[in-house]
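J.: Contents of start.cif (mmCIF, C-alpha atoms) are given next:
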data_protein
loop_
_atom_site.label_atom_id
_atom_site.label_comp_id
_atom_site.auth_asym_id
_atom_site.auth_seq_id
_atom_site.Cartn_x
_atom_site.Cartn_y
_atom_site.Cartn_z
CA MET Q 1 -155.03 -72.95 -130.64
CA LEU Q 2 -154.95 -69.33 -129.59
CA VAL Q 3 -152.24 -68.34 -127.08
CA VAL Q 4 -152.25 -64.87 -125.53
CA ILE Q 5 -149.51 -63.24 -123.45
CA SER Q 6 -149.02 -59.55 -122.77
CA ASP Q 7 -147.07 -56.96 -120.82
CA LEU Q 8 -143.62 -58.50 -121.14
CA HIS Q 9 -142.24 -54.96 -120.71
CA PHE Q 10 -138.83 -55.75 -122.11
CA GLU Q 11 -136.73 -52.75 -121.03
CA GLU Q 12 -133.42 -51.11 -121.81
CA GLU Q 13 -131.89 -50.71 -118.35
CA ARG Q 14 -128.14 -50.27 -118.84
CA SER Q 15 -128.48 -46.52 -119.39
CA CYS Q 16 -129.69 -46.14 -115.78
CA ALA Q 17 -126.69 -47.98 -114.31
CA ILE Q 18 -124.08 -45.85 -112.53
CA GLU Q 19 -120.50 -46.72 -111.61
CA SER Q 20 -117.44 -45.10 -110.08
CA ASN Q 21 -114.17 -46.43 -108.63
CA GLY Q 22 -115.13 -50.04 -109.31
CA ARG Q 23 -118.57 -49.79 -107.71
CA ARG Q 24 -121.74 -50.16 -109.77
CA ILE Q 25 -125.49 -49.96 -109.20
CA GLU Q 26 -127.90 -51.47 -111.69
CA VAL Q 27 -131.27 -53.21 -111.57
CA ASP Q 28 -132.46 -55.81 -114.07
CA GLY Q 29 -136.23 -56.15 -113.95
CA ASN Q 30 -136.53 -58.21 -117.12
CA ILE Q 31 -137.73 -61.78 -116.75
CA GLY Q 32 -134.99 -64.25 -117.69
CA PRO Q 33 -135.01 -66.53 -120.76
CA ARG Q 34 -135.59 -69.76 -118.83
CA ALA Q 35 -139.23 -68.78 -118.24
CA PHE Q 36 -139.78 -68.17 -121.95
CA HIS Q 37 -138.14 -71.45 -122.97
CA LEU Q 38 -140.37 -73.34 -120.52
CA PHE Q 39 -143.39 -71.48 -121.88
CA ILE Q 40 -142.55 -72.35 -125.49
CA ASP Q 41 -141.92 -76.00 -124.59
CA SER Q 42 -145.28 -76.14 -122.83
CA ILE Q 43 -147.16 -74.58 -125.77
CA GLU Q 44 -145.59 -76.99 -128.28
CA GLN Q 45 -146.43 -80.01 -126.13
CA LEU Q 46 -150.02 -78.83 -125.59
CA ALA Q 47 -150.47 -78.26 -129.32
CA LEU Q 48 -149.39 -81.80 -130.20
CA ARG Q 49 -151.32 -83.44 -127.37
CA ASN Q 50 -154.61 -81.66 -128.09
CA ASN Q 51 -154.76 -81.86 -131.88
CA ALA Q 52 -154.10 -78.16 -132.51
CA GLU Q 53 -154.71 -77.25 -136.12
CA ARG Q 54 -152.34 -74.30 -135.81
CA ILE Q 55 -150.94 -71.99 -133.14
CA ASP Q 56 -151.87 -68.31 -133.12
CA LEU Q 57 -149.55 -66.59 -130.66
CA VAL Q 58 -150.88 -63.13 -129.82
CA LEU Q 59 -148.49 -60.74 -128.11
CA ALA Q 60 -151.08 -58.36 -126.71
CA GLY Q 61 -149.13 -55.17 -126.17
CA ASP Q 62 -146.43 -53.59 -124.00
CA VAL Q 63 -143.89 -56.10 -125.29
CA PHE Q 64 -141.16 -53.49 -125.86
CA ASP Q 65 -141.23 -50.73 -123.26
CA LEU Q 66 -140.18 -47.65 -125.19
CA ASN Q 67 -141.04 -45.29 -122.32
CA ARG Q 68 -139.15 -46.73 -119.36
CA THR Q 69 -135.51 -45.95 -120.14
CA CYS Q 70 -132.95 -43.30 -119.21
CA LEU Q 71 -131.98 -43.06 -122.90
CA TRP Q 72 -134.65 -40.35 -123.20
CA PHE Q 73 -132.26 -38.10 -121.28
CA GLU Q 74 -129.02 -38.74 -123.16
CA GLU Q 75 -129.21 -35.20 -124.54
CA GLY Q 76 -130.28 -33.77 -121.18
CA ALA Q 77 -133.65 -32.56 -119.96
CA ASP Q 78 -134.44 -30.90 -123.30
CA GLY Q 79 -133.85 -33.94 -125.51
CA PRO Q 80 -136.54 -35.51 -127.72
CA ARG Q 81 -139.66 -36.94 -126.14
CA PRO Q 82 -142.29 -39.39 -127.46
CA TYR Q 83 -145.06 -36.82 -126.99
CA VAL Q 84 -146.41 -36.97 -130.54
CA SER Q 85 -148.80 -38.99 -132.65
CA CYS Q 86 -147.43 -41.85 -134.74
CA ALA Q 87 -148.05 -39.75 -137.86
CA ASP Q 88 -145.68 -37.06 -136.54
CA VAL Q 89 -142.63 -39.35 -136.32
CA GLY Q 90 -140.95 -38.75 -139.67
CA ASP Q 91 -138.84 -41.32 -141.49
CA GLY Q 92 -135.21 -40.60 -140.60
CA SER Q 93 -136.22 -38.02 -137.98
CA GLU Q 94 -134.36 -37.44 -134.71
CA LEU Q 95 -137.25 -39.06 -132.82
CA GLU Q 96 -137.25 -42.15 -135.06
CA ARG Q 97 -133.49 -42.53 -134.52
CA LYS Q 98 -134.04 -42.28 -130.76
CA LEU Q 99 -136.83 -44.89 -130.83
CA LEU Q 100 -134.70 -47.27 -132.92
CA ARG Q 101 -131.82 -46.78 -130.48
CA ILE Q 102 -134.10 -47.63 -127.56
CA LEU Q 103 -135.50 -50.66 -129.39
CA ASP Q 104 -132.00 -51.94 -130.16
CA GLY Q 105 -130.98 -51.24 -126.56
CA ILE Q 106 -133.90 -53.36 -125.35
CA ALA Q 107 -133.10 -56.17 -127.77
CA THR Q 108 -129.47 -56.43 -126.60
CA GLU Q 109 -130.18 -56.44 -122.86
CA PRO Q 110 -128.55 -59.58 -121.35
CA ARG Q 111 -131.87 -61.18 -120.38
CA VAL Q 112 -133.97 -59.85 -123.24
CA GLU Q 113 -131.85 -61.06 -126.17
CA PRO Q 114 -132.14 -64.79 -125.28
CA SER Q 115 -135.79 -64.34 -124.28
CA LEU Q 116 -136.63 -62.97 -127.73
CA ALA Q 117 -134.72 -65.91 -129.22
CA ALA Q 118 -136.94 -68.24 -127.17
CA LEU Q 119 -140.10 -66.60 -128.55
CA ARG Q 120 -138.75 -66.92 -132.10
CA ARG Q 121 -138.11 -70.63 -131.45
CA LEU Q 122 -141.85 -71.41 -131.42
CA GLY Q 123 -142.58 -73.30 -134.62
CA ALA Q 124 -138.97 -73.27 -135.77
CA GLY Q 125 -138.22 -76.88 -134.88
CA GLY Q 126 -140.14 -78.56 -137.69
CA GLN Q 127 -143.32 -79.25 -135.69
CA PRO Q 128 -146.30 -80.40 -137.75
CA VAL Q 129 -148.35 -77.39 -136.48
CA ASP Q 130 -148.18 -74.06 -138.28
CA VAL Q 131 -147.45 -71.00 -136.15
CA MET Q 132 -148.77 -67.50 -136.74
CA ARG Q 133 -147.50 -64.58 -134.63
CA HIS Q 134 -149.61 -61.49 -134.01
CA TYR Q 135 -148.44 -58.34 -132.27
CA LEU Q 136 -150.80 -55.65 -130.96
CA PRO Q 137 -148.87 -52.60 -129.70
CA GLY Q 138 -149.98 -51.26 -126.31
CA ASN Q 139 -149.53 -47.90 -124.66
CA HIS Q 140 -145.83 -48.43 -123.80
CA ASP Q 141 -144.95 -49.54 -127.35
CA ARG Q 142 -147.47 -47.31 -129.16
CA LEU Q 143 -144.80 -45.68 -131.34
CA ILE Q 144 -143.60 -49.02 -132.75
CA ASN Q 145 -146.34 -48.39 -135.33
CA ALA Q 146 -144.98 -44.94 -136.25
CA THR Q 147 -142.62 -45.72 -139.15
CA PRO Q 148 -141.74 -48.59 -141.52
CA ALA Q 149 -138.25 -48.88 -139.99
CA LEU Q 150 -139.61 -49.34 -136.46
CA ARG Q 151 -142.21 -51.85 -137.60
CA ALA Q 152 -139.67 -53.86 -139.62
CA ARG Q 153 -137.25 -53.96 -136.67
CA ALA Q 154 -139.96 -55.16 -134.28
CA ARG Q 155 -141.05 -57.85 -136.73
CA ALA Q 156 -137.49 -59.12 -137.06
CA LEU Q 157 -137.04 -59.27 -133.29
CA LEU Q 158 -140.29 -61.23 -132.86
CA GLY Q 159 -139.69 -63.57 -135.81
CA MET Q 160 -142.70 -62.27 -137.74
CA ASP Q 161 -143.35 -62.04 -141.46
CA GLY Q 162 -144.95 -59.01 -143.05
CA GLY Q 163 -142.12 -56.58 -143.75
CA ASP Q 164 -142.93 -53.11 -142.48
CA ALA Q 165 -146.75 -53.18 -142.65
CA PRO Q 166 -148.64 -51.52 -139.75
CA PHE Q 167 -149.56 -53.71 -136.80
CA PRO Q 168 -153.27 -54.20 -135.98
CA HIS Q 169 -154.84 -52.97 -132.76
CA GLN Q 170 -157.06 -55.97 -132.06
CA PHE Q 171 -157.31 -59.66 -132.92
CA LEU Q 172 -160.77 -61.10 -133.56
CA SER Q 173 -161.20 -64.83 -134.07
CA ALA Q 174 -164.34 -66.68 -135.18
CA ASP Q 175 -163.30 -70.13 -133.91
CA PRO Q 176 -162.53 -69.87 -131.07
CA ARG Q 177 -164.75 -66.82 -130.52
CA VAL Q 178 -162.28 -64.36 -129.00
CA LEU Q 179 -161.53 -60.65 -129.10
CA VAL Q 180 -158.00 -59.75 -127.98
CA ARG Q 181 -156.98 -56.19 -127.09
CA HIS Q 182 -154.11 -54.73 -125.13
CA GLY Q 183 -156.63 -53.30 -122.67
CA HIS Q 184 -155.52 -49.65 -122.47
CA GLU Q 185 -158.64 -48.90 -124.49
CA TYR Q 186 -160.48 -49.09 -121.15
CA ASP Q 187 -158.11 -46.62 -119.43
CA HIS Q 188 -158.67 -43.00 -120.50
CA LEU Q 189 -155.39 -41.87 -118.89
CA ASN Q 190 -153.37 -44.29 -121.04
CA PHE Q 191 -155.44 -44.16 -124.22
CA ALA Q 192 -156.22 -41.13 -126.36
CA GLY Q 193 -159.87 -42.16 -126.68
CA ASP Q 194 -162.21 -41.87 -123.71
CA HIS Q 195 -164.84 -44.63 -123.69
CA ARG Q 196 -166.19 -44.21 -120.18
CA ARG Q 197 -169.53 -43.19 -121.63
CA THR Q 198 -169.51 -45.39 -124.72
CA ARG Q 199 -172.55 -47.63 -124.31
CA ILE Q 200 -171.49 -50.26 -126.88
CA ILE Q 201 -167.80 -50.47 -127.77
CA PRO Q 202 -167.11 -51.49 -131.38
CA ALA Q 203 -164.45 -54.13 -131.97
CA GLN Q 204 -162.48 -51.73 -134.18
CA LEU Q 205 -161.81 -48.33 -132.64
CA PRO Q 206 -160.36 -45.40 -134.65
CA ASP Q 207 -156.65 -45.72 -135.46
CA ALA Q 208 -156.16 -42.11 -134.36
CA GLU Q 209 -157.04 -43.06 -130.77
CA TYR Q 210 -154.23 -45.61 -130.73
CA ASP Q 211 -151.70 -43.36 -132.45
CA ALA Q 212 -152.08 -40.22 -130.32
CA LEU Q 213 -150.30 -39.23 -127.12
CA ALA Q 214 -151.88 -40.26 -123.81
CA PHE Q 215 -151.40 -38.69 -120.38
CA GLY Q 216 -149.70 -41.84 -119.05
CA ASP Q 217 -146.82 -41.45 -121.52
CA ILE Q 218 -145.76 -38.23 -119.77
CA VAL Q 219 -146.05 -39.78 -116.31
CA THR Q 220 -143.93 -42.78 -117.32
CA VAL Q 221 -141.23 -40.89 -119.23
CA ASP Q 222 -140.88 -37.62 -117.32
CA ILE Q 223 -141.59 -38.89 -113.81
CA ALA Q 224 -141.03 -42.66 -113.41
CA SER Q 225 -138.12 -42.89 -115.87
CA ARG Q 226 -136.73 -39.42 -115.20
CA LEU Q 227 -136.56 -39.67 -111.41
CA PRO Q 228 -133.42 -41.89 -111.32
CA TRP Q 229 -131.71 -39.81 -114.04
CA GLN Q 230 -132.52 -36.52 -112.29
CA PHE Q 231 -131.39 -38.04 -108.98
CA VAL Q 232 -127.95 -38.63 -110.52
CA GLN Q 233 -127.88 -35.11 -111.99
CA HIS Q 234 -128.61 -33.63 -108.58
CA HIS Q 235 -126.43 -35.79 -106.31
CA GLY Q 236 -123.75 -37.13 -108.68
CA ALA Q 237 -122.86 -40.77 -109.30
CA GLU Q 238 -119.83 -40.73 -107.03
CA ALA Q 239 -121.80 -39.35 -104.08
CA ILE Q 240 -124.60 -41.88 -104.62
CA LEU Q 241 -122.17 -44.80 -104.73
CA GLY Q 242 -120.42 -43.51 -101.58
CA SER Q 243 -123.56 -43.15 -99.48
CA ALA Q 244 -125.71 -46.01 -98.15
CA LEU Q 245 -128.74 -43.70 -98.01
CA LEU Q 246 -128.36 -42.35 -101.55
CA SER Q 247 -127.53 -45.81 -102.95
CA ASP Q 248 -130.59 -47.40 -101.36
CA VAL Q 249 -132.89 -44.61 -102.51
CA TYR Q 250 -131.49 -44.80 -106.05
CA VAL Q 251 -132.22 -48.54 -106.24
CA ARG Q 252 -135.72 -47.78 -104.97
CA LEU Q 253 -136.18 -45.25 -107.79
CA LEU Q 254 -135.06 -47.80 -110.37
CA ASP Q 255 -137.67 -50.25 -109.04
CA PHE Q 256 -140.35 -47.56 -108.81
CA ASP Q 257 -142.54 -48.57 -111.74
CA ASP Q 258 -142.94 -52.24 -110.78
CA VAL Q 259 -144.74 -51.44 -107.51
CA ARG Q 260 -148.34 -52.62 -107.24
CA PRO Q 261 -150.73 -51.13 -106.40
CA ASN Q 262 -149.71 -47.81 -107.96
CA SER Q 263 -151.12 -46.02 -104.93
CA ALA Q 264 -148.26 -47.52 -102.88
CA LEU Q 265 -145.50 -45.77 -104.85
CA LEU Q 266 -144.85 -42.97 -102.36
CA ASP Q 267 -144.83 -45.38 -99.42
CA PHE Q 268 -142.43 -47.65 -101.29
CA LEU Q 269 -140.03 -44.75 -101.68
CA LEU Q 270 -140.37 -43.28 -98.19
CA ARG Q 271 -140.04 -46.67 -96.51
CA THR Q 272 -136.62 -47.44 -97.95
CA PRO Q 273 -135.32 -50.00 -95.41
CA GLY Q 274 -132.82 -48.71 -92.85
CA HIS Q 275 -133.59 -45.01 -93.32
CA GLY Q 276 -136.17 -42.66 -91.85
CA GLU Q 277 -138.88 -41.15 -94.03
CA ALA Q 278 -137.66 -37.59 -93.44
CA LYS Q 279 -134.10 -38.45 -94.52
CA VAL Q 280 -135.33 -40.23 -97.64
CA TRP Q 281 -137.58 -37.34 -98.64
CA ARG Q 282 -134.78 -34.81 -98.25
CA THR Q 283 -132.80 -36.68 -100.92
CA VAL Q 284 -135.76 -36.83 -103.32
CA ALA Q 285 -137.65 -33.55 -102.77
CA PRO Q 286 -135.23 -31.27 -104.71
CA VAL Q 287 -135.13 -33.81 -107.53
CA LEU Q 288 -138.91 -33.83 -107.79
CA ARG Q 289 -138.95 -30.03 -107.60
CA ASP Q 290 -136.67 -29.81 -110.64
CA ILE Q 291 -138.84 -32.25 -112.60
CA LEU Q 292 -142.10 -30.49 -111.75
CA ALA Q 293 -140.60 -27.09 -112.58
CA ASP Q 294 -139.55 -28.40 -115.99
CA LEU Q 295 -142.96 -29.94 -116.67
CA ASN Q 296 -144.59 -26.62 -115.77
CA ARG Q 297 -143.03 -24.97 -118.82
CA ARG Q 298 -144.16 -27.64 -121.29
CA PRO Q 299 -147.45 -26.79 -123.09
CA VAL Q 300 -148.09 -30.46 -123.90
CA VAL Q 301 -148.20 -31.24 -120.18
CA ARG Q 302 -150.72 -28.47 -119.51
CA LYS Q 303 -152.85 -29.81 -122.34
CA MET Q 304 -152.77 -33.41 -121.10
CA LEU Q 305 -153.58 -32.38 -117.51
CA LYS Q 306 -157.10 -31.66 -118.72
CA ARG Q 307 -157.67 -35.41 -118.58
CA LEU Q 308 -157.52 -35.33 -114.79
CA PRO Q 309 -160.52 -34.56 -112.57
CA LEU Q 310 -160.70 -30.80 -112.00
CA LEU Q 311 -159.73 -30.85 -108.32
CA VAL Q 312 -156.75 -33.18 -108.87
CA ARG Q 313 -155.65 -31.11 -111.85
CA GLY Q 314 -155.68 -27.98 -109.71
CA LEU Q 315 -153.50 -29.62 -107.06
CA VAL Q 316 -151.00 -30.88 -109.66
CA GLU Q 317 -150.84 -27.47 -111.32
CA ASN Q 318 -150.20 -25.84 -107.94
CA LEU Q 319 -147.35 -28.28 -107.27
CA MET Q 320 -145.82 -27.52 -110.66
CA GLU Q 321 -146.15 -23.75 -110.25
CA SER Q 322 -144.69 -23.70 -106.74
CA SER Q 323 -141.79 -25.86 -107.98
CA ALA Q 324 -141.20 -23.41 -110.81
CA ARG Q 325 -140.85 -20.68 -108.14
CA GLY Q 326 -138.12 -22.76 -106.47
CA GLN Q 327 -140.25 -24.09 -103.63
CA THR Q 328 -139.71 -27.69 -102.53
CA VAL Q 329 -142.89 -29.74 -102.21
CA SER Q 330 -143.57 -31.87 -99.15
CA HIS Q 331 -144.42 -35.53 -99.29
CA ARG Q 332 -147.68 -34.67 -97.51
CA GLU Q 333 -148.73 -32.57 -100.53
CA ILE Q 334 -147.91 -35.48 -102.83
CA ARG Q 335 -149.83 -37.88 -100.61
CA VAL Q 336 -152.91 -35.65 -100.50
CA THR Q 337 -152.92 -35.42 -104.30
CA GLU Q 338 -152.43 -39.16 -104.63
CA LYS Q 339 -155.21 -40.04 -102.17
CA LEU Q 340 -157.62 -37.54 -103.70
CA ALA Q 341 -157.01 -39.00 -107.15
CA GLU Q 342 -157.91 -42.42 -105.72
CA LEU Q 343 -161.13 -41.21 -104.09
CA LEU Q 344 -162.56 -39.13 -106.90
CA PRO Q 345 -164.63 -41.01 -109.50
CA GLY Q 346 -162.79 -41.28 -112.78
CA GLY Q 347 -165.53 -43.05 -114.63
CA GLY Q 348 -165.58 -45.81 -112.04
CA ALA Q 349 -165.68 -48.82 -114.32
CA GLY Q 350 -163.08 -51.57 -114.13
CA PRO Q 351 -161.86 -53.39 -117.25
CA ALA Q 352 -164.40 -56.21 -116.90
CA GLU Q 353 -167.21 -53.66 -116.96
CA PHE Q 354 -165.82 -52.18 -120.16
CA ALA Q 355 -165.48 -55.66 -121.65
CA ALA Q 356 -169.15 -56.32 -120.92
CA ARG Q 357 -169.95 -53.37 -123.18
CA GLU Q 358 -168.07 -54.80 -126.15
CA ALA Q 359 -170.36 -55.22 -129.17
CA VAL Q 360 -168.97 -58.71 -129.80
CA ILE Q 361 -169.88 -59.74 -126.25
CA ARG Q 362 -173.36 -58.26 -126.51
CA ASP Q 363 -174.19 -60.05 -129.78
CA GLY Q 364 -172.39 -63.33 -128.98
CA THR Q 365 -169.72 -62.95 -131.69
CA ALA Q 366 -167.14 -63.48 -128.94
CA ARG Q 367 -167.21 -65.66 -125.85
CA PHE Q 368 -164.00 -64.14 -124.48
CA VAL Q 369 -162.48 -60.67 -124.32
CA ILE Q 370 -158.80 -61.15 -123.49
CA CYS Q 371 -156.69 -58.15 -122.46
CA GLY Q 372 -153.59 -57.23 -120.51
CA HIS Q 373 -152.50 -53.74 -119.41
CA THR Q 374 -153.54 -53.84 -115.75
CA HIS Q 375 -150.89 -56.39 -114.59
CA HIS Q 376 -153.68 -57.91 -112.48
CA PRO Q 377 -154.53 -61.44 -113.72
CA GLU Q 378 -158.24 -62.09 -113.68
CA VAL Q 379 -161.03 -64.25 -115.12
CA THR Q 380 -164.47 -62.67 -114.69
CA LEU Q 381 -167.85 -63.89 -115.84
CA LEU Q 382 -169.56 -61.22 -117.96
CA ALA Q 383 -172.77 -62.98 -118.96
CA PRO Q 384 -174.06 -66.31 -117.58
CA LYS Q 385 -176.99 -66.42 -120.00
CA PRO Q 386 -177.18 -69.76 -121.88
CA PRO Q 387 -176.14 -70.99 -124.32
CA LEU Q 388 -173.04 -68.77 -124.30
CA GLU Q 389 -171.24 -67.90 -121.07
CA ARG Q 390 -168.99 -64.91 -121.75
CA TYR Q 391 -165.82 -63.98 -119.90
CA TYR Q 392 -163.26 -61.24 -119.48
CA VAL Q 393 -159.72 -62.65 -119.17
CA ASP Q 394 -156.77 -60.51 -118.02
CA THR Q 395 -153.37 -61.89 -118.97
CA GLY Q 396 -151.47 -60.09 -116.20
CA THR Q 397 -147.78 -59.50 -116.86
CA TRP Q 398 -144.43 -61.20 -117.38
CA ARG Q 399 -142.43 -58.93 -115.15
CA HIS Q 400 -140.83 -58.54 -111.78
CA ARG Q 401 -143.59 -57.33 -109.51
CA ILE Q 402 -143.18 -55.56 -106.17
CA PRO Q 403 -146.30 -56.32 -104.11
CA ALA Q 404 -147.25 -54.39 -100.98
CA THR Q 405 -148.75 -55.68 -97.76
CA LYS Q 406 -152.38 -54.70 -97.23
CA ASP Q 407 -151.43 -51.87 -94.88
CA ILE Q 408 -148.72 -50.69 -97.36
CA SER Q 409 -146.08 -51.07 -94.65
CA GLY Q 410 -143.82 -53.56 -96.42
CA PHE Q 411 -142.87 -54.74 -99.89
CA GLY Q 412 -141.68 -57.97 -101.51
CA ARG Q 413 -140.48 -59.07 -104.93
CA ILE Q 414 -141.82 -61.85 -107.16
CA LYS Q 415 -141.80 -62.78 -110.83
CA ALA Q 416 -145.25 -62.88 -112.40
CA LEU Q 417 -146.15 -65.17 -115.32
CA SER Q 418 -149.63 -65.44 -116.86
CA TYR Q 419 -151.08 -66.59 -120.15
CA ALA Q 420 -154.31 -67.85 -121.70
CA VAL Q 421 -154.93 -70.64 -124.22
CA VAL Q 422 -158.25 -70.89 -126.05
CA TRP Q 423 -158.95 -73.96 -128.15
CA ALA Q 424 -161.07 -74.06 -131.28
CA SER Q 425 -164.07 -76.38 -131.59
CA ARG Q 426 -162.13 -79.14 -133.37
CA GLU Q 427 -159.18 -79.00 -130.96
CA ASP Q 428 -158.79 -80.23 -127.39
CA PRO Q 429 -161.24 -83.13 -127.91
CA THR Q 430 -163.46 -84.35 -125.09
CA ALA Q 431 -162.79 -87.75 -123.55
CA ASP Q 432 -166.06 -89.20 -124.86
CA GLY Q 433 -165.80 -87.63 -128.31
CA ARG Q 434 -168.87 -85.39 -127.92
CA PRO Q 435 -168.92 -82.19 -129.99
CA LYS Q 436 -167.75 -79.02 -128.22
CA THR Q 437 -167.28 -75.34 -128.84
CA GLU Q 438 -164.40 -73.35 -127.34
CA SER Q 439 -162.38 -74.40 -124.33
CA LEU Q 440 -160.16 -72.26 -122.10
CA ASP Q 441 -156.95 -72.99 -120.22
CA TYR Q 442 -155.63 -70.16 -118.07
CA TRP Q 443 -152.36 -70.09 -116.16
CA ASP Q 444 -151.43 -67.47 -113.59
CA GLY Q 445 -148.38 -68.02 -111.46
CA VAL Q 446 -145.49 -66.45 -109.65
CA THR Q 447 -141.96 -67.64 -109.08
CA GLN Q 448 -138.95 -66.50 -107.13
CA ARG Q 449 -135.64 -67.83 -105.91
CA TRP Q 450 -134.23 -66.17 -102.79
CA SER Q 451 -130.53 -66.13 -102.03
#
Turn the structure described in the file into structure tokens.
T.:
Amino acid sequence: MLVVISDLHFEEERSCAIESNGRRIEVDGNIGPRAFHLFIDSIEQLALRNNAERIDLVLAGDVFDLNRTCLWFEEGADGPRPYVSCADVGDGSELERKLLRILDGIATEPRVEPSLAALRRLGAGGQPVDVMRHYLPGNHDRLINATPALRARARALLGMDGGDAPFPHQFLSADPRVLVRHGHEYDHLNFAGDHRRTRIIPAQLPDAEYDALAFGDIVTVDIASRLPWQFVQHHGAEAILGSALLSDVYVRLLDFDDVRPNSALLDFLLRTPGHGEAKVWRTVAPVLRDILADLNRRPVVRKMLKRLPLLVRGLVENLMESSARGQTVSHREIRVTEKLAELLPGGGAGPAEFAAREAVIRDGTARFVICGHTHHPEVTLLAPKPPLERYYVDTGTWRHRIPATKDISGFGRIKALSYAVVWASREDPTADGRPKTESLDYWDGVTQRWS
């Protein structure tokens, strides 16, 4: 019995909370432990009911979100950043200490600590089915693999054996026939390798492509995570807490990275309820100017910008350079850059198209390629050719999600929960006892309770 979940995005969020004179603003986007306890109960019951020989639980990346936290700015704008390869994080280094601090901060968040305990509970109650846990770091927890101390801490939090050995990057099973990845391998902006032109993708890609910095790390740390911190530096916590406009915009900035689709981010910010777009932008524009001016002086940013299409790169560089000269950018300039990035071809292929190019799909070694990363749950037929239908399965996310209306005029809030179960040939028997190969159960749901 193979169980795959991904993109839990457990976050440290207390460092972004602000308070003054008894008032406090904080946002907790972590899914609560009840969902994980229900999930574990369901898996254990399914295993017993369907003759599971053992349970392989694969945590397919972005479990611990090391990038989305204000702890990166404890030392100010010039503090350490995760803009290095795993090999460049030394044992006992300042960066390792920062990463361990973030990991411990995540693990002690009020909702995360009991949720991790729920995940560790699987197989701990004396069930007759053995449990094996597998963890594949994604792009947001890439640096978990950097040092023995980080790997050992992650293993302890997840209830895994193995000491401080490196984590694998993929899980390949012969029965059931499944390849599991995180899925950032198909996204050249969030993966150091670029496989847009790779005709046949091997199951095992070079470790160096997983270990190296990707462009998306900079966007997440120094834009998405930095915006709320820089907002406080510019306006001050007391002023934010004393102003309805500033308070509402600050909450919007804390929620920023859960908006889907990503192209709706600017609209989400500008359409802060109860306030006009011009007023909202005036509170954010100088903050963004300071961030862009700082990024302009960082060589690593200039280097990573080469991943963008030439025209988009030119627009971004112009925004950074004008900010460095003290000019405040307009939201129209941001929108033009955003829309152009959407329209220009970036390789074009979606994750299912990449999955169809997997060597194990081409030769029939795998019936399923299961990935996360996109936060968009999906089951797509890759090859209908008998005798082996092949599928791409996207495991979505376990996260608060902020969906937009089709015209991007309004936004909601739901909790997303998705996972896949693939049974081996001797498990999940048919009603008439006929022999079978794999079988798939896929759950994608949302939940919410409104007060």
J.: Apply the PyMOL selection byres ((chain Q and resi 288) around 9) to the displayed file and report the matching residues as a list in words.
T.: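 For this structure, the PyMOL selection byres ((chain Q and resi 288) around 9) resolves to Ile223, Leu227, Gln230, Phe231, Val284, Ala285, Pro286, Val287, Arg289, Asp290, Ile291, Leu292, Ala293, Ser323, Thr328 and Val329 of chain Q.
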J.: Contacts of Ala356 in chain Q at 9 Å or less, counting only C-alpha atoms, minus same-chain residues fewer than 4 places along, as a PyMOL selection string?
T.: chain Q and resi 200+351-352+361-362+369+382-383+390-392
J.: Take the residues from that selection and put them in a file with C-alpha atoms, as a JSON list (two decimals), keeping the file's coordinate frame.
T.:
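Here's the written file result_32.json:
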[["chain", "number", "residue", "atom", "x", "y", "z"],
["Q", 200, "ILE", "CA", -171.49, -50.26, -126.88],
["Q", 351, "PRO", "CA", -161.86, -53.39, -117.25],
["Q", 352, "ALA", "CA", -164.40, -56.21, -116.90],
["Q", 361, "ILE", "CA", -169.88, -59.74, -126.25],
["Q", 362, "ARG", "CA", -173.36, -58.26, -126.51],
["Q", 369, "VAL", "CA", -162.48, -60.67, -124.32],
["Q", 382, "LEU", "CA", -169.56, -61.22, -117.96],
["Q", 383, "ALA", "CA", -172.77, -62.98, -118.96],
["Q", 390, "ARG", "CA", -168.99, -64.91, -121.75],
["Q", 391, "TYR", "CA", -165.82, -63.98, -119.90],
["Q", 392, "TYR", "CA", -163.26, -61.24, -119.48]]
J.: Name the closest residue to Ala359 in chain Q among the candidates Q:Ser42, Q:Gln204, Q:Thr147, Q:Gln233; distances are taken between atoms, counting only C-alpha atoms.
T.: Q:Gln204
J.: Dump as an mmCIF file with C-alpha atoms, in the coordinates of the input all residues having an atom at most 9 Å from (-158.7, -49.2, -126.5), computed in the file's coordinates with only C-alpha atoms.
T.:
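Below is the file that was written, result_34.cif:
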data_model
loop_
_atom_site.group_PDB
_atom_site.id
_atom_site.type_symbol
_atom_site.label_atom_id
_atom_site.label_comp_id
_atom_site.auth_asym_id
_atom_site.auth_seq_id
_atom_site.Cartn_x
_atom_site.Cartn_y
_atom_site.Cartn_z
ATOM 1 C CA GLY Q 138 -149.980 -51.260 -126.310
ATOM 2 C CA HIS Q 169 -154.840 -52.970 -132.760
ATOM 3 C CA GLN Q 170 -157.060 -55.970 -132.060
ATOM 4 C CA ARG Q 181 -156.980 -56.190 -127.090
ATOM 5 C CA HIS Q 182 -154.110 -54.730 -125.130
ATOM 6 C CA GLY Q 183 -156.630 -53.300 -122.670
ATOM 7 C CA HIS Q 184 -155.520 -49.650 -122.470
ATOM 8 C CA GLU Q 185 -158.640 -48.900 -124.490
ATOM 9 C CA TYR Q 186 -160.480 -49.090 -121.150
ATOM 10 C CA ASP Q 187 -158.110 -46.620 -119.430
ATOM 11 C CA HIS Q 188 -158.670 -43.000 -120.500
ATOM 12 C CA PHE Q 191 -155.440 -44.160 -124.220
ATOM 13 C CA ALA Q 192 -156.220 -41.130 -126.360
ATOM 14 C CA GLY Q 193 -159.870 -42.160 -126.680
ATOM 15 C CA ASP Q 194 -162.210 -41.870 -123.710
ATOM 16 C CA HIS Q 195 -164.840 -44.630 -123.690
ATOM 17 C CA GLN Q 204 -162.480 -51.730 -134.180
ATOM 18 C CA LEU Q 205 -161.810 -48.330 -132.640
ATOM 19 C CA GLU Q 209 -157.040 -43.060 -130.770
ATOM 20 C CA TYR Q 210 -154.230 -45.610 -130.730
#
